[in-house]
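Data block for model11.cif (mmCIF, C-alpha atoms):
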data_target
loop_
_atom_site.label_atom_id
_atom_site.label_comp_id
_atom_site.auth_asym_id
_atom_site.auth_seq_id
_atom_site.Cartn_x
_atom_site.Cartn_y
_atom_site.Cartn_z
CA MET A 1 0.00 0.00 0.00
CA HIS A 2 1.37 3.41 -0.96
CA ILE A 3 1.94 5.49 2.18
CA SER A 4 0.17 8.59 0.82
CA ARG A 5 -3.12 6.67 0.55
CA PHE A 6 -3.05 5.36 4.10
CA PRO A 7 -4.62 8.38 5.89
CA LEU A 8 -7.46 8.50 3.37
CA ILE A 9 -8.23 4.83 3.80
CA LEU A 10 -8.11 5.10 7.58
CA GLY A 11 -10.52 7.99 7.37
CA LEU A 12 -12.87 6.02 5.16
CA LEU A 13 -12.88 3.06 7.51
CA PHE A 14 -13.47 5.32 10.51
CA TYR A 15 -16.35 7.01 8.67
CA ALA A 16 -17.89 3.65 7.81
CA SER A 17 -17.68 2.53 11.45
CA VAL A 18 -19.44 5.71 12.60
CA ILE A 19 -22.36 5.60 10.19
CA HIS A 20 -23.30 2.04 11.11
CA GLY A 21 -25.07 0.81 14.17
CA GLN A 22 -28.32 2.75 13.85
CA GLU A 23 -31.34 0.78 14.89
CA SER A 24 -33.40 -0.71 12.10
CA THR A 25 -36.64 1.08 11.37
CA SER A 26 -38.48 -2.22 11.09
CA ASP A 27 -38.10 -5.74 12.37
CA GLN A 28 -41.49 -7.04 11.26
CA GLY A 29 -41.79 -9.64 8.52
CA LEU A 30 -39.67 -9.87 5.39
CA THR A 31 -38.74 -7.08 3.01
CA ILE A 32 -38.32 -8.52 -0.49
CA GLY A 33 -36.30 -6.86 -3.24
CA ALA A 34 -35.70 -8.08 -6.78
CA TYR A 35 -33.14 -7.05 -9.39
CA TYR A 36 -34.95 -5.59 -12.38
CA TYR A 37 -33.73 -5.09 -15.97
CA PRO A 38 -35.32 -2.40 -18.18
CA TRP A 39 -33.10 -3.10 -21.21
CA TYR A 40 -35.41 -5.09 -23.51
CA GLY A 41 -36.61 -3.94 -26.92
CA ALA A 42 -39.91 -5.20 -28.35
CA ALA A 43 -39.69 -7.81 -31.10
CA LYS A 44 -41.56 -7.53 -34.36
CA PRO A 45 -44.69 -9.72 -34.61
CA GLY A 46 -43.76 -13.34 -35.19
CA GLU A 47 -40.08 -12.81 -34.32
CA THR A 48 -38.22 -14.12 -31.29
CA GLY A 49 -36.14 -10.97 -30.84
CA TRP A 50 -34.05 -10.87 -27.67
CA MET A 51 -35.40 -14.23 -26.52
CA LYS A 52 -32.97 -15.86 -28.98
CA GLN A 53 -30.29 -14.98 -26.44
CA ALA A 54 -32.24 -16.62 -23.63
CA LEU A 55 -32.52 -20.31 -22.84
CA ARG A 56 -36.32 -20.21 -22.94
CA GLY A 57 -36.24 -18.87 -26.49
CA ARG A 58 -34.15 -21.85 -27.61
CA LEU A 59 -36.34 -24.54 -26.05
CA GLN A 60 -38.52 -26.82 -28.13
CA PRO A 61 -41.21 -25.62 -27.71
CA GLN A 62 -40.29 -22.11 -26.60
CA GLN A 63 -41.31 -20.94 -23.15
CA LEU A 64 -41.93 -17.20 -23.43
CA PRO A 65 -42.77 -14.54 -20.85
CA LYS A 66 -46.45 -14.17 -20.09
CA LEU A 67 -46.25 -10.80 -21.89
CA GLY A 68 -44.43 -12.16 -24.94
CA VAL A 69 -41.16 -10.72 -26.27
CA TYR A 70 -41.84 -7.33 -24.76
CA GLY A 71 -40.24 -3.90 -24.74
CA SER A 72 -39.25 -2.45 -21.37
CA ARG A 73 -40.79 0.96 -22.10
CA ASP A 74 -44.26 -0.37 -22.88
CA PRO A 75 -46.62 1.00 -20.20
CA GLU A 76 -48.72 -2.18 -20.26
CA VAL A 77 -45.57 -4.23 -19.60
CA ILE A 78 -44.47 -1.95 -16.75
CA GLY A 79 -47.94 -2.08 -15.23
CA ASP A 80 -48.06 -5.86 -15.44
CA HIS A 81 -44.57 -6.21 -13.96
CA ILE A 82 -45.63 -4.02 -11.05
CA ALA A 83 -48.77 -6.12 -10.62
CA GLN A 84 -46.75 -9.36 -10.68
CA SER A 85 -44.40 -7.91 -8.07
CA VAL A 86 -47.27 -6.92 -5.82
CA GLN A 87 -48.73 -10.39 -6.28
CA ALA A 88 -45.41 -11.89 -5.13
CA GLY A 89 -45.03 -9.60 -2.13
CA ILE A 90 -42.02 -7.84 -3.63
CA ASP A 91 -41.47 -4.48 -1.95
CA PHE A 92 -38.92 -2.91 -4.28
CA TRP A 93 -36.91 -3.29 -7.47
CA SER A 94 -33.17 -2.72 -7.65
CA VAL A 95 -33.05 -1.42 -11.21
CA SER A 96 -30.04 -1.94 -13.47
CA TRP A 97 -28.37 1.43 -14.17
CA TRP A 98 -25.61 1.87 -16.76
CA GLY A 99 -25.13 5.62 -16.70
CA PRO A 100 -26.75 8.98 -17.50
CA ASN A 101 -29.07 8.89 -20.49
CA LYS A 102 -28.35 5.23 -21.26
CA ARG A 103 -31.40 3.21 -22.31
CA GLU A 104 -31.91 1.80 -18.81
CA ASP A 105 -31.70 5.26 -17.25
CA ARG A 106 -34.23 6.67 -19.70
CA ALA A 107 -36.55 3.70 -19.25
CA MET A 108 -36.42 4.23 -15.50
CA ARG A 109 -36.81 8.02 -15.46
CA GLU A 110 -39.22 8.48 -18.33
CA HIS A 111 -41.34 5.34 -18.19
CA ILE A 112 -41.16 3.43 -14.90
CA LEU A 113 -41.16 6.27 -12.37
CA THR A 114 -43.83 8.15 -14.35
CA HIS A 115 -46.12 5.13 -14.66
CA PRO A 116 -49.51 5.50 -12.92
CA GLY A 117 -48.84 2.33 -10.89
CA ALA A 118 -45.29 3.20 -9.87
CA GLY A 119 -46.31 4.08 -6.32
CA LYS A 120 -47.18 0.46 -5.55
CA LEU A 121 -43.45 -0.32 -5.20
CA LYS A 122 -40.22 1.30 -4.10
CA TYR A 123 -37.15 1.57 -6.34
CA ALA A 124 -33.38 1.59 -5.84
CA LEU A 125 -30.62 1.70 -8.44
CA LEU A 126 -28.19 -1.12 -9.18
CA TYR A 127 -24.94 0.63 -10.11
CA GLU A 128 -23.48 -1.48 -12.91
CA SER A 129 -19.78 -1.21 -12.14
CA THR A 130 -18.68 -3.06 -15.26
CA GLY A 131 -20.29 -0.36 -17.38
CA ARG A 132 -19.17 2.64 -15.29
CA LEU A 133 -15.79 1.78 -13.81
CA GLY A 134 -14.16 0.02 -16.75
CA SER A 135 -12.35 -3.29 -16.88
CA MET A 136 -11.83 -5.39 -13.79
CA GLN A 137 -8.11 -5.51 -14.49
CA GLU A 138 -7.60 -1.73 -14.89
CA PRO A 139 -10.63 0.06 -13.45
CA ARG A 140 -11.09 3.82 -13.54
CA TYR A 141 -13.09 5.64 -10.89
CA ASP A 142 -13.35 9.09 -12.44
CA LYS A 143 -17.10 8.70 -13.10
CA LEU A 144 -18.03 7.52 -9.62
CA VAL A 145 -18.82 10.81 -7.88
CA SER A 146 -20.39 12.44 -10.94
CA ASP A 147 -22.62 9.39 -11.42
CA PHE A 148 -23.93 9.78 -7.89
CA THR A 149 -24.43 13.50 -8.45
CA TYR A 150 -26.64 12.56 -11.39
CA MET A 151 -28.52 10.02 -9.28
CA LYS A 152 -29.13 12.60 -6.59
CA GLU A 153 -30.45 15.11 -9.10
CA HIS A 154 -32.78 12.65 -10.85
CA TYR A 155 -33.71 9.91 -8.37
CA PHE A 156 -33.04 10.25 -4.68
CA ASP A 157 -35.78 12.78 -3.94
CA HIS A 158 -38.45 10.88 -5.84
CA PRO A 159 -41.24 9.80 -3.45
CA THR A 160 -40.91 6.14 -4.50
CA TYR A 161 -37.14 5.93 -4.10
CA LEU A 162 -36.12 3.33 -1.52
CA LYS A 163 -34.61 4.59 1.72
CA ILE A 164 -33.26 2.85 4.81
CA ASP A 165 -32.79 5.02 7.89
CA GLU A 166 -33.94 7.90 5.67
CA LYS A 167 -30.95 7.36 3.37
CA PRO A 168 -31.35 6.61 -0.36
CA VAL A 169 -30.25 3.05 -1.12
CA VAL A 170 -27.88 2.20 -3.97
CA PHE A 171 -26.74 -1.34 -4.74
CA ILE A 172 -23.24 -1.49 -6.25
CA TYR A 173 -22.45 -4.49 -8.42
CA LEU A 174 -19.19 -6.40 -7.91
CA THR A 175 -17.73 -4.36 -5.09
CA ARG A 176 -15.81 -7.53 -4.29
CA VAL A 177 -13.87 -6.86 -7.50
CA TYR A 178 -13.78 -3.08 -7.82
CA PHE A 179 -13.29 -2.08 -4.18
CA ARG A 180 -11.08 -4.77 -2.70
CA ASP A 181 -8.10 -2.70 -1.53
CA ARG A 182 -8.43 -0.30 -4.47
CA GLY A 183 -10.74 2.52 -5.43
CA LEU A 184 -10.83 3.51 -1.77
CA GLU A 185 -9.77 7.13 -2.23
CA GLU A 186 -12.61 7.64 -4.67
CA LEU A 187 -15.05 5.87 -2.37
CA ALA A 188 -13.91 8.11 0.49
CA THR A 189 -14.53 11.15 -1.71
CA LEU A 190 -18.01 9.87 -2.54
CA ARG A 191 -18.79 9.35 1.15
CA LYS A 192 -17.54 12.84 1.98
CA GLU A 193 -19.50 14.45 -0.85
CA TYR A 194 -22.69 12.49 -0.15
CA PRO A 195 -22.69 11.30 3.48
CA ASN A 196 -26.42 10.56 3.43
CA LEU A 197 -26.21 7.36 1.36
CA TYR A 198 -27.01 3.75 2.17
CA LEU A 199 -24.61 1.74 0.02
CA VAL A 200 -25.12 -1.99 -0.42
CA GLY A 201 -22.02 -3.79 -1.64
CA ASP A 202 -22.19 -6.90 -3.79
CA ASP A 203 -19.37 -8.12 -1.63
CA VAL A 204 -20.02 -11.70 -0.52
CA PHE A 205 -18.65 -14.59 -2.53
CA GLY A 206 -17.59 -17.86 -0.91
CA GLY A 207 -14.69 -18.37 1.46
CA ARG A 208 -14.05 -16.40 4.60
CA TYR A 209 -15.20 -12.80 4.54
CA HIS A 210 -12.97 -10.04 5.99
CA GLU A 211 -14.09 -7.23 8.25
CA ARG A 212 -12.02 -4.59 6.42
CA HIS A 213 -14.18 -5.18 3.35
CA ALA A 214 -17.44 -5.19 5.28
CA ARG A 215 -16.61 -1.86 6.95
CA LEU A 216 -16.87 0.00 3.65
CA TRP A 217 -20.61 -0.59 3.23
CA ASP A 218 -23.85 0.00 5.07
CA ALA A 219 -24.93 -3.51 4.07
CA VAL A 220 -23.40 -6.36 2.09
CA THR A 221 -25.08 -8.89 -0.15
CA ALA A 222 -24.37 -11.39 -2.93
CA TYR A 223 -25.69 -11.05 -6.47
CA ASP A 224 -24.03 -14.19 -7.86
CA ILE A 225 -25.62 -17.09 -6.05
CA TYR A 226 -24.74 -19.53 -8.81
CA GLY A 227 -20.99 -18.93 -8.86
CA GLN A 228 -20.44 -19.62 -5.17
CA SER A 229 -22.70 -22.62 -4.84
CA MET A 230 -24.33 -24.40 -7.77
CA GLN A 231 -21.63 -23.86 -10.38
CA GLY A 232 -19.30 -26.22 -8.58
CA LYS A 233 -21.71 -28.64 -6.91
CA GLY A 234 -24.72 -28.48 -9.20
CA ALA A 235 -28.34 -28.13 -8.19
CA THR A 236 -27.81 -30.14 -5.02
CA LYS A 237 -28.41 -29.95 -1.31
CA ALA A 238 -24.63 -29.80 -0.85
CA ALA A 239 -24.47 -26.59 -2.91
CA LEU A 240 -27.08 -24.94 -0.70
CA LYS A 241 -25.24 -26.09 2.40
CA ASP A 242 -22.16 -24.27 1.10
CA LEU A 243 -24.21 -21.16 0.37
CA HIS A 244 -25.61 -21.13 3.89
CA SER A 245 -22.10 -21.48 5.30
CA HIS A 246 -20.79 -18.58 3.18
CA TYR A 247 -23.69 -16.35 4.18
CA ALA A 248 -23.60 -17.19 7.88
CA ASN A 249 -19.89 -16.37 7.99
CA ALA A 250 -20.37 -13.11 6.08
CA LYS A 251 -23.26 -12.02 8.29
CA GLU A 252 -21.26 -12.68 11.46
CA ILE A 253 -18.24 -10.75 10.20
CA ALA A 254 -20.33 -7.88 8.84
CA ASN A 255 -22.41 -7.51 11.98
CA GLU A 256 -19.28 -7.42 14.14
CA VAL A 257 -18.30 -4.13 12.46
CA GLY A 258 -21.83 -2.70 12.33
CA THR A 259 -22.61 -3.61 8.73
CA ALA A 260 -25.92 -5.23 7.86
CA PHE A 261 -26.30 -8.41 5.79
CA ILE A 262 -28.81 -9.03 2.98
CA PRO A 263 -29.04 -12.65 1.78
CA GLY A 264 -29.50 -13.21 -1.96
CA ILE A 265 -31.43 -16.07 -3.54
CA ALA A 266 -32.04 -17.29 -7.11
CA PRO A 267 -34.28 -19.93 -8.71
CA GLY A 268 -31.60 -21.44 -11.01
CA TYR A 269 -29.16 -20.42 -13.74
CA ASN A 270 -28.53 -20.96 -17.45
CA ASP A 271 -26.69 -18.44 -19.63
CA ARG A 272 -25.65 -20.83 -22.41
CA ALA A 273 -27.70 -18.96 -25.04
CA VAL A 274 -25.84 -15.68 -24.45
CA ARG A 275 -22.26 -16.70 -23.53
CA LYS A 276 -20.00 -19.73 -23.37
CA GLY A 277 -18.35 -21.50 -20.51
CA HIS A 278 -20.94 -22.01 -17.79
CA PRO A 279 -22.89 -25.21 -17.16
CA GLY A 280 -26.58 -24.59 -16.60
CA ARG A 281 -28.22 -25.44 -13.30
CA ALA A 282 -31.71 -26.82 -12.90
CA ARG A 283 -34.47 -25.35 -10.75
CA TYR A 284 -34.98 -28.66 -8.97
CA PHE A 285 -32.53 -30.79 -6.97
CA LYS A 286 -30.64 -33.18 -9.23
CA ASP A 287 -29.66 -35.32 -6.22
CA GLN A 288 -33.27 -35.76 -5.07
CA PRO A 289 -35.21 -38.12 -7.40
CA GLU A 290 -38.62 -36.77 -6.41
CA SER A 291 -37.63 -33.10 -6.55
CA LYS A 292 -39.91 -30.80 -8.50
CA GLU A 293 -39.77 -27.39 -10.16
CA GLY A 294 -39.12 -24.60 -7.69
CA ASP A 295 -37.59 -26.76 -4.95
CA VAL A 296 -34.21 -25.01 -5.13
CA PHE A 297 -35.90 -21.62 -4.71
CA ARG A 298 -38.11 -22.84 -1.88
CA ALA A 299 -35.12 -24.24 -0.02
CA MET A 300 -33.10 -21.06 -0.48
CA ILE A 301 -35.93 -19.06 1.05
CA GLN A 302 -36.74 -21.37 3.94
CA ASP A 303 -33.29 -22.70 4.83
CA ILE A 304 -31.06 -19.73 4.00
CA ALA A 305 -32.77 -16.37 3.43
CA ILE A 306 -35.29 -16.41 6.28
CA PRO A 307 -32.90 -17.69 8.98
CA LEU A 308 -30.22 -15.17 7.95
CA ALA A 309 -32.42 -12.14 7.26
CA ASP A 310 -30.96 -9.27 9.25
CA THR A 311 -33.13 -6.92 11.33
CA GLU A 312 -30.46 -4.24 10.78
CA ALA A 313 -31.49 -4.21 7.10
CA ASN A 314 -35.25 -4.48 7.73
CA ARG A 315 -35.01 -8.27 7.20
CA THR A 316 -34.45 -7.69 3.48
CA ILE A 317 -33.80 -10.54 1.08
CA MET A 318 -32.79 -10.02 -2.56
CA VAL A 319 -34.01 -12.10 -5.48
CA THR A 320 -31.71 -12.57 -8.47
CA SER A 321 -33.79 -11.74 -10.46
CA PHE A 322 -37.22 -10.52 -11.52
CA ASN A 323 -36.45 -10.58 -15.25
CA GLU A 324 -32.85 -11.40 -16.19
CA TRP A 325 -33.89 -13.81 -18.94
CA TYR A 326 -30.42 -14.05 -20.48
CA GLU A 327 -29.17 -15.91 -17.39
CA ASP A 328 -32.48 -17.67 -16.69
CA THR A 329 -32.64 -16.35 -13.15
CA GLN A 330 -36.01 -14.70 -13.72
CA ILE A 331 -39.10 -15.29 -11.63
CA GLU A 332 -41.31 -13.23 -13.95
CA ALA A 333 -44.37 -15.19 -15.03
CA THR A 334 -44.28 -17.30 -18.19
CA THR A 335 -47.31 -18.23 -20.27
CA GLY A 336 -47.65 -21.51 -18.38
CA LYS A 337 -49.04 -23.16 -21.52
CA GLN A 338 -46.15 -25.16 -22.97
CA ALA A 339 -45.02 -28.69 -22.22
CA THR A 340 -42.03 -29.36 -20.00
CA SER A 341 -38.98 -29.76 -22.22
CA SER A 342 -35.37 -30.90 -22.12
CA LYS A 343 -34.90 -30.32 -25.87
CA ASP A 344 -33.65 -27.22 -27.63
CA ASP A 345 -33.04 -25.97 -31.17
CA SER A 346 -29.28 -26.69 -31.19
CA GLU A 347 -27.79 -29.21 -33.60
CA SER A 348 -27.43 -31.75 -30.80
CA GLY A 349 -30.87 -30.96 -29.41
CA ASN A 350 -29.52 -30.52 -25.89
CA PHE A 351 -26.66 -27.99 -25.99
CA TYR A 352 -28.62 -25.38 -24.04
CA THR A 353 -30.56 -27.68 -21.72
CA GLU A 354 -27.84 -30.27 -21.08
CA ASP A 355 -30.81 -32.63 -20.68
CA ASP A 356 -32.20 -30.81 -17.66
CA ARG A 357 -35.96 -30.40 -17.74
CA TYR A 358 -37.47 -26.93 -18.02
CA VAL A 359 -41.02 -26.21 -16.93
CA ASP A 360 -43.24 -23.47 -18.35
CA TYR A 361 -43.80 -22.45 -14.75
CA GLY A 362 -46.40 -19.67 -15.04
CA SER A 363 -46.71 -17.73 -11.77
CA LEU A 364 -45.08 -20.43 -9.64
CA TYR A 365 -42.18 -18.32 -8.36
CA LEU A 366 -44.37 -15.35 -7.60
CA ASP A 367 -46.59 -17.66 -5.57
CA ILE A 368 -43.62 -19.17 -3.69
CA LEU A 369 -42.47 -15.69 -2.67
CA ARG A 370 -45.96 -14.63 -1.64
CA LYS A 371 -46.32 -17.68 0.57
CA ALA A 372 -43.07 -16.81 2.36
CA LYS A 373 -44.10 -13.19 2.74
CA ASP A 374 -47.52 -14.07 4.12
CA ALA A 375 -46.02 -16.51 6.61
CA GLY A 376 -44.44 -13.49 8.26
CA LEU A 377 -41.45 -15.52 9.39
#
Translate the structure described by the file into structure tokens.
Amino acid sequence: MHISRFPLILGLLFYASVIHGQESTSDQGLTIGAYYYPWYGAAKPGETGWMKQALRGRLQPQQLPKLGVYGSRDPEVIGDHIAQSVQAGIDFWSVSWWGPNKREDRAMREHILTHPGAGKLKYALLYESTGRLGSMQEPRYDKLVSDFTYMKEHYFDHPTYLKIDEKPVVFIYLTRVYFRDRGLEELATLRKEYPNLYLVGDDVFGGRYHERHARLWDAVTAYDIYGQSMQGKGATKAALKDLHSHYANAKEIANEVGTAFIPGIAPGYNDRAVRKGHPGRARYFKDQPESKEGDVFRAMIQDIAIPLADTEANRTIMVTSFNEWYEDTQIEATTGKQATSSKDDSESGNFYTEDDRYVDYGSLYLDILRKAKDAGL
């Protein structure tokens, strides 16, 4: 560590230790958030459009969203997504944000927040570090403070913007990459310029968590559930046991330094239609012969998220995701009309599915969430 940076980093860590420790404003029931993606463009009639880059668009037969191959700016789509979220008991969306005047920003400002039904939910931004801070190998932080200035001017004072302890909440993607012993001067500057922020770091990923990382954030969470559990051990009980262990360790370490913990959950994963290199993971347990669709998600909620929900973060749990179709983590409703399939349109007939079965699940995942919410556990 260069000696000239040391006082700044000490100051940042001291600041982080001071801002934590406030009592939660609520310890009743679960608060459910879901990552939301407003980046889709409507397909022409009869065309598959962006679903060609999603597993469900490659299945035989296809399993499409309930709303078809939609555009994110369509007011009917936004209204239906809000209604589905209310049905599921989702309290807020963490909306993917790639910078000022990018398509996601415009969809959020001009279409979502202005929608007549917008007030039924709260909204936070998901700061997409890979789009704002550059490469993981050689990041640049020159946009960080100006990006938050833009957010303050356009979002934080909106009546539907999510706040914890009266502070606007921003989720920051991949802090475990971009702010592990680097970028700390810029983060300190951001904290000094905007002290009234509640920053949630995407900071938890396997192994033993360290308190010096937890200190930087008001809360820590994990976006990538797949990579630290099911990628290595498949859709198995053993994978979920590992995930619980990672989370329990992270929560203990974070809480020791006054940082809250927000467990993340996901129904499954398959990105083989959009990129190479990752094996897909089913939404049922492959090591349980009688397992059915949704069992992985149910177990994540009951065995991991609920026991580890933190009162210091209003017992919030995060769902990856509401509608990230490219990675097949979505819980958004499908048509529910097609047959279960393990076949796809690849030359081999199983490149995308790897012979796992995929169910046209309808509103199943919304219903699973609602049941957990209503239980009030």
Could you list, as a short mmCIF file (atom, residue, chain, number, x, y, z; two decimals) with C-alpha atoms, keeping the file's coordinate frame, every residue within 7 Å of Thr31 of chain A, counting all atoms listed in the file and ignoring same-chain residues fewer than 4 positions away?
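So the final result, stored in part.cif, reads:
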data_model
loop_
_atom_site.label_atom_id
_atom_site.label_comp_id
_atom_site.auth_asym_id
_atom_site.auth_seq_id
_atom_site.Cartn_x
_atom_site.Cartn_y
_atom_site.Cartn_z
CA ASP A 91 -41.47 -4.48 -1.95
CA ASN A 314 -35.25 -4.48 7.73
CA ARG A 315 -35.01 -8.27 7.20
CA THR A 316 -34.45 -7.69 3.48
CA ILE A 317 -33.80 -10.54 1.08
#
Q.
For this structure, which residues satisfy the selection - the PyMOL selection byres ((chain A and resi 238) around 12) - when it is evaluated on the file as given? I want them as number ranges by chain.
A. A: 228-237, 239-245, 285-288, 296, 299
Q: May I ask which of the residues A:Glu211, A:Glu327, A:Asp344, A:Asp147 is the closest one to Arg275 of chain A, counting all atoms listed in the file?
A: A:Glu327
Q.
List as a PyMOL selection string the protein and nucleic acid residues near Ser72 of chain A, meaning an atom at most 12 Å away when only C-alpha atoms are counted, but skip any in the same chain fewer than 2 places from it.
A. chain A and resi 36-43+50+67-70+74-81+95+103-108+110-112+323
**Q.** Residue IDs satisfying the PyMOL selection byres ((chain A and resi 338) around 7), as a PyMOL selection string
**A.** chain A and resi 61+63+336-337+339-340+360
Q. What gap, in Å, lies between atom CA of Leu144 of chain A and atom CA of Leu126 of chain A?
A. 13.3 Å
Please write as an mmCIF file with C-alpha atoms, in the coordinates of the input the full residue list that the PyMOL selection byres ((chain A and resi 361-364) around 10) yields on this file.
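Resulting contents of part_23.cif:
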data_model
loop_
_atom_site.group_PDB
_atom_site.id
_atom_site.type_symbol
_atom_site.label_atom_id
_atom_site.label_comp_id
_atom_site.auth_asym_id
_atom_site.auth_seq_id
_atom_site.Cartn_x
_atom_site.Cartn_y
_atom_site.Cartn_z
ATOM 1 C CA GLN A 63 -41.310 -20.940 -23.150
ATOM 2 C CA LEU A 64 -41.930 -17.200 -23.430
ATOM 3 C CA PRO A 65 -42.770 -14.540 -20.850
ATOM 4 C CA LYS A 66 -46.450 -14.170 -20.090
ATOM 5 C CA GLN A 84 -46.750 -9.360 -10.680
ATOM 6 C CA GLN A 87 -48.730 -10.390 -6.280
ATOM 7 C CA ALA A 88 -45.410 -11.890 -5.130
ATOM 8 C CA GLU A 293 -39.770 -27.390 -10.160
ATOM 9 C CA GLY A 294 -39.120 -24.600 -7.690
ATOM 10 C CA ILE A 331 -39.100 -15.290 -11.630
ATOM 11 C CA GLU A 332 -41.310 -13.230 -13.950
ATOM 12 C CA ALA A 333 -44.370 -15.190 -15.030
ATOM 13 C CA THR A 334 -44.280 -17.300 -18.190
ATOM 14 C CA THR A 335 -47.310 -18.230 -20.270
ATOM 15 C CA GLY A 336 -47.650 -21.510 -18.380
ATOM 16 C CA LYS A 337 -49.040 -23.160 -21.520
ATOM 17 C CA GLN A 338 -46.150 -25.160 -22.970
ATOM 18 C CA ALA A 339 -45.020 -28.690 -22.220
ATOM 19 C CA THR A 340 -42.030 -29.360 -20.000
ATOM 20 C CA TYR A 358 -37.470 -26.930 -18.020
ATOM 21 C CA VAL A 359 -41.020 -26.210 -16.930
ATOM 22 C CA ASP A 360 -43.240 -23.470 -18.350
ATOM 23 C CA TYR A 365 -42.180 -18.320 -8.360
ATOM 24 C CA LEU A 366 -44.370 -15.350 -7.600
ATOM 25 C CA ASP A 367 -46.590 -17.660 -5.570
ATOM 26 C CA ILE A 368 -43.620 -19.170 -3.690
ATOM 27 C CA LEU A 369 -42.470 -15.690 -2.670
ATOM 28 C CA ARG A 370 -45.960 -14.630 -1.640
#
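Take atom CA of Asp203 of chain A and atom CA of Phe171 of chain A: the distance between them is 10.5 Å.
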Q: Write out as a PyMOL selection string which residues come within 12 Å of Ala254 of chain A when counting all atoms listed in the file, dropping same-chain ones fewer than 6 positions away.
A: chain A and resi 16-17+20-21+200-201+203-204+208-221+247-248+260-262+310+312-313
I need the chosen residues saved as an mmCIF file, in the coordinates of the input, with C-alpha atoms.
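Once everything was written out, this is part27.cif:
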data_model
loop_
_atom_site.group_PDB
_atom_site.id
_atom_site.type_symbol
_atom_site.label_atom_id
_atom_site.label_comp_id
_atom_site.auth_asym_id
_atom_site.auth_seq_id
_atom_site.Cartn_x
_atom_site.Cartn_y
_atom_site.Cartn_z
ATOM 1 C CA ALA A 16 -17.890 3.650 7.810
ATOM 2 C CA SER A 17 -17.680 2.530 11.450
ATOM 3 C CA HIS A 20 -23.300 2.040 11.110
ATOM 4 C CA GLY A 21 -25.070 0.810 14.170
ATOM 5 C CA VAL A 200 -25.120 -1.990 -0.420
ATOM 6 C CA GLY A 201 -22.020 -3.790 -1.640
ATOM 7 C CA ASP A 203 -19.370 -8.120 -1.630
ATOM 8 C CA VAL A 204 -20.020 -11.700 -0.520
ATOM 9 C CA ARG A 208 -14.050 -16.400 4.600
ATOM 10 C CA TYR A 209 -15.200 -12.800 4.540
ATOM 11 C CA HIS A 210 -12.970 -10.040 5.990
ATOM 12 C CA GLU A 211 -14.090 -7.230 8.250
ATOM 13 C CA ARG A 212 -12.020 -4.590 6.420
ATOM 14 C CA HIS A 213 -14.180 -5.180 3.350
ATOM 15 C CA ALA A 214 -17.440 -5.190 5.280
ATOM 16 C CA ARG A 215 -16.610 -1.860 6.950
ATOM 17 C CA LEU A 216 -16.870 0.000 3.650
ATOM 18 C CA TRP A 217 -20.610 -0.590 3.230
ATOM 19 C CA ASP A 218 -23.850 0.000 5.070
ATOM 20 C CA ALA A 219 -24.930 -3.510 4.070
ATOM 21 C CA VAL A 220 -23.400 -6.360 2.090
ATOM 22 C CA THR A 221 -25.080 -8.890 -0.150
ATOM 23 C CA TYR A 247 -23.690 -16.350 4.180
ATOM 24 C CA ALA A 248 -23.600 -17.190 7.880
ATOM 25 C CA ALA A 260 -25.920 -5.230 7.860
ATOM 26 C CA PHE A 261 -26.300 -8.410 5.790
ATOM 27 C CA ILE A 262 -28.810 -9.030 2.980
ATOM 28 C CA ASP A 310 -30.960 -9.270 9.250
ATOM 29 C CA GLU A 312 -30.460 -4.240 10.780
ATOM 30 C CA ALA A 313 -31.490 -4.210 7.100
#
Q: Just the residues within 8 Å of His154 of chain A, please, counting all atoms listed in the file, with nothing from its chain fewer than 4 positions along; format it as a ChimeraX atom specification.
A: /A:109,150,158
